[in-house]
Amino acid sequence: MLPAADYFAINSPPEVFAKLGMQVQDLPVLSQLVSENLAGRPGGAVSLAVGMADIFSKIGGLRHLMGYWYHFAIMFEALFILTLIDAGTRVGRYLMQEIGGAVYKPLKDHNWWPGIILTSGIFTLAWGYLLYGGSISTIWPLFGVNNQLLGSMALAIGTTMLIRMGKARYAWTTFIPMVFLTVTTITAGYQNIVINYLPKHNYLLASISAIMLIMVILIIADSVRTWVKLLSQKEQDTHTKRLEKAPTA
């Protein structure tokens, strides 16, 4: 949605943008509409919010609400990050309690306060260490890969459900996006490991990335096995029904 020069002006420090030799187009007007100086605001959050606000403001008669849409998008991004961290920590705690419960049975009780505090603390320190050892730019590619792999898993589950429901003819609507997303994300994850993490000796993030890629590949492979089994069973049932309806001699 944003002209290239405006995008780089937002996502680059002013001294860096000056070296690009580019002239901004709509940025002064956009800054006036949102009542903020948008230049030199790198990180992606501002440019995303401006782009979203520009889309919404082009709905008939809503141009004067550009500032509202911009700040709404900023709030949405902040809440998305906070709720994601909260949900991720909560799910991680549940997993730690389930695994730890095999060693110490009270941990499996999700209402046992000592277990809640202990596992929450361990998991929070774990992801906090990733930030302490680098910056948000260090783990952001890892988050991106994880997020898209989760999408691949969701599409694989959707494909399985369509086949189970006897609607295999519609399975392409989830299967094709799943293939595209899986291939693209695994390729990006591999490049992230080889180009970004290993040369910088960031073996922890490289290991986490590799584990995620392997787990998703196994899940997709198991999904394919399930699809073949379901389709074979369906074909066998159809053949059996035909035999039952066939006239006897």
# chains A, B, ... in the order shown; residues from 1 in each chain; ligands from 1

call {"tool": "closest_atom_pairs", "arguments": {"of": "range 10-105 of chain A", "to": "range 138-158 of chain A", "cutoff": "12 Å", "atoms": "only C-alpha atoms", "output": "Markdown table"}}
result
| residue | atom | partner | partner_atom | distance |
| --- | --- | --- | --- | --- |
| A:Gly43 | CA | A:Trp140 | CA | 10.6 |
| A:Gly44 | CA | A:Trp140 | CA | 11.4 |
| A:Ile81 | CA | A:Phe143 | CA | 11.0 |
| A:Leu84 | CA | A:Asn147 | CA | 10.6 |
| A:Ile85 | CA | A:Phe143 | CA | 11.0 |
| A:Gly88 | CA | A:Phe143 | CA | 11.5 |

call {"tool": "write_last_selection", "arguments": {"atoms": "all heavy atoms", "output": "short mmCIF file (atom, residue, chain, number, x, y, z; two decimals), in the first residue's frame"}}
result
data_model
loop_
_atom_site.label_atom_id
_atom_site.label_comp_id
_atom_site.auth_asym_id
_atom_site.auth_seq_id
_atom_site.Cartn_x
_atom_site.Cartn_y
_atom_site.Cartn_z
N GLY A 43 11.30 -0.94 12.45
CA GLY A 43 10.80 -2.04 13.25
C GLY A 43 9.62 -2.75 12.61
O GLY A 43 9.35 -3.91 12.93
N GLY A 44 8.91 -2.07 11.73
CA GLY A 44 7.81 -2.71 11.01
C GLY A 44 6.44 -2.39 11.56
O GLY A 44 5.45 -2.42 10.83
N ILE A 81 0.87 -9.12 20.43
CA ILE A 81 2.14 -9.60 20.98
C ILE A 81 1.97 -10.03 22.43
O ILE A 81 2.45 -11.09 22.85
CB ILE A 81 3.22 -8.50 20.86
CG1 ILE A 81 3.53 -8.23 19.39
CG2 ILE A 81 4.49 -8.91 21.61
CD1 ILE A 81 4.42 -7.02 19.16
N LEU A 84 -0.11 -13.19 22.70
CA LEU A 84 0.66 -14.32 22.16
C LEU A 84 1.66 -14.82 23.20
O LEU A 84 1.78 -16.03 23.42
CB LEU A 84 1.39 -13.90 20.89
CG LEU A 84 2.18 -15.00 20.19
CD1 LEU A 84 1.24 -16.06 19.63
CD2 LEU A 84 3.03 -14.42 19.07
N ILE A 85 2.36 -13.90 23.85
CA ILE A 85 3.32 -14.28 24.89
C ILE A 85 2.59 -14.96 26.05
O ILE A 85 3.05 -15.97 26.59
CB ILE A 85 4.10 -13.05 25.39
CG1 ILE A 85 5.02 -12.53 24.27
CG2 ILE A 85 4.93 -13.40 26.62
CD1 ILE A 85 5.73 -11.25 24.62
N GLY A 88 1.34 -18.43 24.82
CA GLY A 88 2.49 -19.32 24.63
C GLY A 88 3.07 -19.78 25.95
O GLY A 88 3.40 -20.96 26.12
#

call {"tool": "residues_around", "arguments": {"residues": "Leu27 in chain A", "least_positions_apart": "3", "cutoff": "10 Å", "atoms": "only C-alpha atoms", "output": "PyMOL selection string"}}
result
chain A and resi 2-3+5-7+9-10+23-24+30-33+37-39+50

call {"tool": "write_last_selection", "arguments": {"atoms": "C-alpha atoms", "output": "PDB file, in the first residue's frame"}}
result
ATOM      1  CA  LEU A   2       2.896   2.361   0.674  1.00  0.00           C
ATOM      2  CA  PRO A   3       5.156   3.845  -2.019  1.00  0.00           C
ATOM      3  CA  ALA A   5      10.252   5.668  -0.745  1.00  0.00           C
ATOM      4  CA  ASP A   6       7.707   6.187   2.038  1.00  0.00           C
ATOM      5  CA  TYR A   7       8.225   2.625   3.271  1.00  0.00           C
ATOM      6  CA  ALA A   9      11.659   6.476   5.059  1.00  0.00           C
ATOM      7  CA  ILE A  10       9.605   4.906   7.866  1.00  0.00           C
ATOM      8  CA  GLN A  23      12.125  11.218  -2.397  1.00  0.00           C
ATOM      9  CA  VAL A  24       9.108  10.607  -0.172  1.00  0.00           C
ATOM     10  CA  LEU A  30       0.149  10.544   6.118  1.00  0.00           C
ATOM     11  CA  SER A  31       2.029  12.040   9.065  1.00  0.00           C
ATOM     12  CA  GLN A  32      -0.425  14.934   9.160  1.00  0.00           C
ATOM     13  CA  LEU A  33      -3.435  12.618   9.015  1.00  0.00           C
ATOM     14  CA  ASN A  37       5.934  12.063  12.618  1.00  0.00           C
ATOM     15  CA  LEU A  38       6.246   8.730  10.805  1.00  0.00           C
ATOM     16  CA  ALA A  39       9.762   9.154   9.392  1.00  0.00           C
ATOM     17  CA  VAL A  50       0.043   3.059   8.424  1.00  0.00           C
TER      18      VAL A  50
END

call {"tool": "atom_distance", "arguments": {"atom1": "CA of Leu205 in chain A", "atom2": "CA of Ile219 in chain A"}}
result
21.1 Å

call {"tool": "atom_distance", "arguments": {"atom1": "CA of Trp113 in chain A", "atom2": "CA of Tyr94 in chain A"}}
result
12.8 Å

call {"tool": "residues_around", "arguments": {"residues": "Ala210 in chain A", "least_positions_apart": "5", "cutoff": "12 Å", "atoms": "only C-alpha atoms", "output": "compact mmCIF listing (two decimals) with N, CA and C atoms, in the first residue's frame"}}
result
# COMPACT_ATOMS: atom_id res chain seq x y z
N LEU A 142 12.82 -16.43 14.10
CA LEU A 142 12.38 -17.70 14.70
C LEU A 142 10.88 -17.67 14.94
N VAL A 145 9.06 -18.08 11.51
CA VAL A 145 9.06 -19.47 11.04
C VAL A 145 8.06 -20.29 11.85
N ASN A 146 8.09 -20.12 13.18
CA ASN A 146 7.18 -20.86 14.04
C ASN A 146 5.71 -20.54 13.72
N ILE A 186 9.66 -23.92 5.33
CA ILE A 186 10.80 -24.81 5.59
C ILE A 186 12.06 -24.30 4.89
N THR A 187 11.88 -23.81 3.67
CA THR A 187 13.02 -23.22 2.95
C THR A 187 13.57 -22.01 3.70
N ALA A 188 12.66 -21.13 4.14
CA ALA A 188 13.08 -19.95 4.90
C ALA A 188 13.72 -20.34 6.22
N GLY A 189 13.17 -21.36 6.88
CA GLY A 189 13.75 -21.82 8.14
C GLY A 189 15.15 -22.37 7.96
N TYR A 190 15.35 -23.12 6.88
CA TYR A 190 16.69 -23.66 6.59
C TYR A 190 17.67 -22.52 6.31
N GLN A 191 17.25 -21.54 5.52
CA GLN A 191 18.12 -20.41 5.22
C GLN A 191 18.42 -19.61 6.49
N ASN A 192 17.43 -19.50 7.36
CA ASN A 192 17.63 -18.78 8.60
C ASN A 192 18.70 -19.45 9.46
N ILE A 193 18.69 -20.78 9.49
CA ILE A 193 19.69 -21.52 10.25
C ILE A 193 21.07 -21.36 9.65
N VAL A 194 21.16 -21.57 8.33
CA VAL A 194 22.46 -21.59 7.64
C VAL A 194 23.06 -20.19 7.50
N TYR A 197 21.88 -17.89 11.79
CA TYR A 197 22.24 -18.37 13.12
C TYR A 197 23.63 -19.01 13.20
N LEU A 198 23.90 -19.99 12.34
CA LEU A 198 25.18 -20.71 12.43
C LEU A 198 26.40 -19.81 12.23
N TYR A 203 23.98 -21.23 18.34
CA TYR A 203 23.61 -22.64 18.21
C TYR A 203 22.28 -22.96 18.90
N LEU A 204 21.92 -22.20 19.93
CA LEU A 204 20.67 -22.47 20.62
C LEU A 204 19.48 -22.23 19.70
N LEU A 205 19.44 -21.05 19.06
CA LEU A 205 18.33 -20.74 18.16
C LEU A 205 18.36 -21.64 16.92
N MET A 215 9.85 -31.44 13.54
CA MET A 215 8.55 -31.81 14.11
C MET A 215 7.42 -31.57 13.11
N VAL A 216 7.47 -30.43 12.42
CA VAL A 216 6.41 -30.14 11.45
C VAL A 216 6.47 -31.09 10.26
N ILE A 217 7.68 -31.43 9.81
CA ILE A 217 7.82 -32.40 8.72
C ILE A 217 7.21 -33.74 9.13

call {"tool": "closest_residue", "arguments": {"among": "A:Ile122, A:Leu231, A:Ile195, A:Ile211", "to": "Ala168 in chain A", "atoms": "only C-alpha atoms"}}
result
A:Leu231

call {"tool": "residues_around", "arguments": {"residues": "Met52 in chain A", "least_positions_apart": "4", "cutoff": "10 Å", "atoms": "only C-alpha atoms", "output": "PyMOL selection string"}}
result
chain A and resi 1-2+46-48+56-57+66+69-70+72-74

call {"tool": "residues_around", "arguments": {"residues": "Thr159 in chain A", "least_positions_apart": "4", "cutoff": "7 Å", "atoms": "only C-alpha atoms", "output": "PyMOL selection string"}}
result
chain A and resi 155+163+171+174-175

call {"tool": "write_last_selection", "arguments": {"atoms": "N, CA and C atoms", "output": "mmCIF file, in the first residue's frame"}}
result
data_model
loop_
_atom_site.group_PDB
_atom_site.id
_atom_site.type_symbol
_atom_site.label_atom_id
_atom_site.label_comp_id
_atom_site.auth_asym_id
_atom_site.auth_seq_id
_atom_site.Cartn_x
_atom_site.Cartn_y
_atom_site.Cartn_z
ATOM 1 N N LEU A 155 -3.615 -26.085 8.395
ATOM 2 C CA LEU A 155 -4.132 -26.461 7.080
ATOM 3 C C LEU A 155 -4.107 -27.982 6.892
ATOM 4 N N ILE A 163 -11.475 -34.693 4.610
ATOM 5 C CA ILE A 163 -11.488 -36.081 4.116
ATOM 6 C C ILE A 163 -12.322 -36.958 5.044
ATOM 7 N N ALA A 171 -10.942 -30.854 -0.494
ATOM 8 C CA ALA A 171 -9.688 -30.842 0.276
ATOM 9 C C ALA A 171 -8.602 -30.000 -0.382
ATOM 10 N N THR A 174 -7.586 -26.532 1.146
ATOM 11 C CA THR A 174 -6.626 -26.436 2.254
ATOM 12 C C THR A 174 -5.297 -27.086 1.900
ATOM 13 N N PHE A 175 -5.336 -28.078 1.000
ATOM 14 C CA PHE A 175 -4.116 -28.808 0.664
ATOM 15 C C PHE A 175 -3.129 -27.935 -0.107
#

call {"tool": "atom_distance", "arguments": {"atom1": "CA of Leu181 in chain A", "atom2": "CA of Gly128 in chain A"}}
result
28.6 Å

call {"tool": "closest_residue", "arguments": {"among": "A:Leu218, A:Gln97, A:Arg63, A:Lys200", "to": "Asn111 in chain A", "atoms": "only C-alpha atoms"}}
result
A:Gln97
